[in-house]
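Undergrad: Please see the structure below; I have some questions.
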Amino acid sequence: MTALNIQNLSKVYENGKQALQDVSLRVPEGAFFALLGPNGAGKSTLINILADTVRASSGSVQLLGHDLLMERAWGKRHLGVVPQEIAFDPFFSPREILHFTRGMYGQSRDEVWVDALLERLELAEHANKITRQLSGGMKRRLLVAQALVHRPKVVILDEPTAGVDVELRKRLWDFIRELNAEGTTVLLTTHYLEEAQELCDQVAIINQGRLIASQSMQSLLGDVASSSLCFRYEQAVELSESQEQALQAFAARVCDGVLCLDLQHEGEHSNFDTAYQAARQCFGAPLDTYMRQENLEDVFLRLTHKDAA
């Protein structure tokens with residue numbers, strides 16, 4: 001089943017700015033899905049449409065088979081959103097906020113679940129403080145608890161670990177992983193791309209309001225990511241025009257004085273030997289050679305820069 005089915009979603013603001021252009025995106029039920037993009041790409045507009053704080057100009061969104069843009073009350077009961085902005089009444093405690101939030105969704109008090117959230121998000125000892133006494137990291141974790149308190153089937157995490165220290169971030173992700181393993185669909189936006197690569201099984205990249213990639217993380221890194229053969233010499237490499245032309249087939253480039261040549265793969269075969277010999281002909285025997293595989297950050301930067309060009 002599909003958790004989120006977004007079809008031809010567009011948003012044009014009153015000032016004429018087009019934030020989204022015919023975005024179509026499918027998030028499978030039970031996925032841990034990364035929605036990535038540079039600042040101003042349209043991610044926040046998309047999330048705000050899902051959260052019913054911004055109205056779409058055109059297009060449709062289905063949440064678990066229901067029309068999210070028409071069945072707004074139903075959508076709110078089955079969707080949890082962790083926004084970037086922190087906004088709590090400063091005179092209520094975390095425990096009170098979680099009880100009030102459940103009531104807003106028409107749900108009765110559930111002390112066991114509230115206690116579990118406070119414990120897992122390491123807020124138990126602060127549960128009865130007023131929120132203005134909490135640190136920024138605590139408030140960020142309270143946003144996560146608030147998004148989960150009504151047990152939604154789909155959770156949107158918009159930069160949930162901003163301002164959270166490394167150890168707490170790891171424990172937060174352990175908890176979210178558990179919820180995902182139990183069937184909760186997670187849609188994550190983050191600028192920590194190494195986290196997205198480690199956590200997510202699906203990924204979409206949006207840039208300038210348009211969707212430029214959407215596939216499994218494994219296939220994106222397998223199909224799009226490139227591998228390079230790198231050569232370190234005694235002196236930092238500088239490419240002359242003739243050398244650059246001789247190595248043109250390998251998209252030669254110099255990174256911090258190291259020569260890097262792209263490899264092409266066909267099944268189990270690659271042009272490793274050809275690339276090695278071409279580098280030796282231009283620069284002689286290297287001091288050291290090593291392989292470098294593009295990660296998600298490399299692919300992201302290459303795709304978004306290419307799309308902007």
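Just remember, in the structure tokens the first chain shown is A, the second B, etc., residues are 1-based per chain, and ligands are 1-based in the order shown.
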Please extract the residues of stretch 4-85 of chain A with a backbone DSSP assignment of strand (DSSP E) and present them as a PyMOL selection string.
TA: chain A and resi 4-12+18-28+32-36+58-63+66-67+79-82
Undergrad: Please, which residues of stretch 45-280 of chain A, numbered as in this document, come out alpha helix (DSSP H) from DSSP, as a ChimeraX atom specification?
TA: /A:45-50,72-78,94-104,111-120,136-148,166-181,193-199,217-223,241-246,272-280
Undergrad: Env of A:His191: 10 Å cut, atoms = only C-alpha atoms, seq-sep filter 3 positions within chain, self excluded. Answer as a PyMOL selection string.
TA: chain A and resi 36-39+158-159+161-162+194-196+297
Undergrad: Leaving out A:Leu221 and any residue of its chain fewer than 2 positions from it, which residues lie within 10 Å of it when counting only C-alpha atoms, given as a list in words?
TA: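 Non-adjacent residues within range: Gln197, Gln215, Ser216, Met217, Gln218, Ser219, Asp223, Val224, Ala225, Ser226, Gln293, Glu294, Asn295, Leu296, Asp298 and Val299 of chain A.
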Undergrad: Excluding stretch 90-105 of chain A and its own-chain neighbours fewer than 2 positions away, which residues fall within 7 Å of it when counting only C-alpha atoms? Please give them as a PyMOL selection string.
TA: chain A and resi 77+88+107-109+114+127-132+142+146+149-150
Undergrad: Excluding A:Ser242 and any residue of its chain fewer than 4 positions from it, enumerate the residues within 12 Å of it, using only C-alpha atoms, and give them as a VMD selection string.
TA: chain A and resid 238 246 to 248 252 282
Undergrad: For A:Lys11, which residue among A:Arg177, A:Arg120, A:Lys43, A:Arg302 is the nearest when counting only C-alpha atoms?
TA: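 When distances to A:Lys11 are compared using only C-alpha atoms, the smallest one comes from A:Lys43.
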Undergrad: Just the number, please: distance in Å from atom CA of A:Asp262 to atom CA of A:Tyr276, one decimal.
TA: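 Value for the atom CA of A:Asp262-atom CA of A:Tyr276 distance: 10.8 Å.
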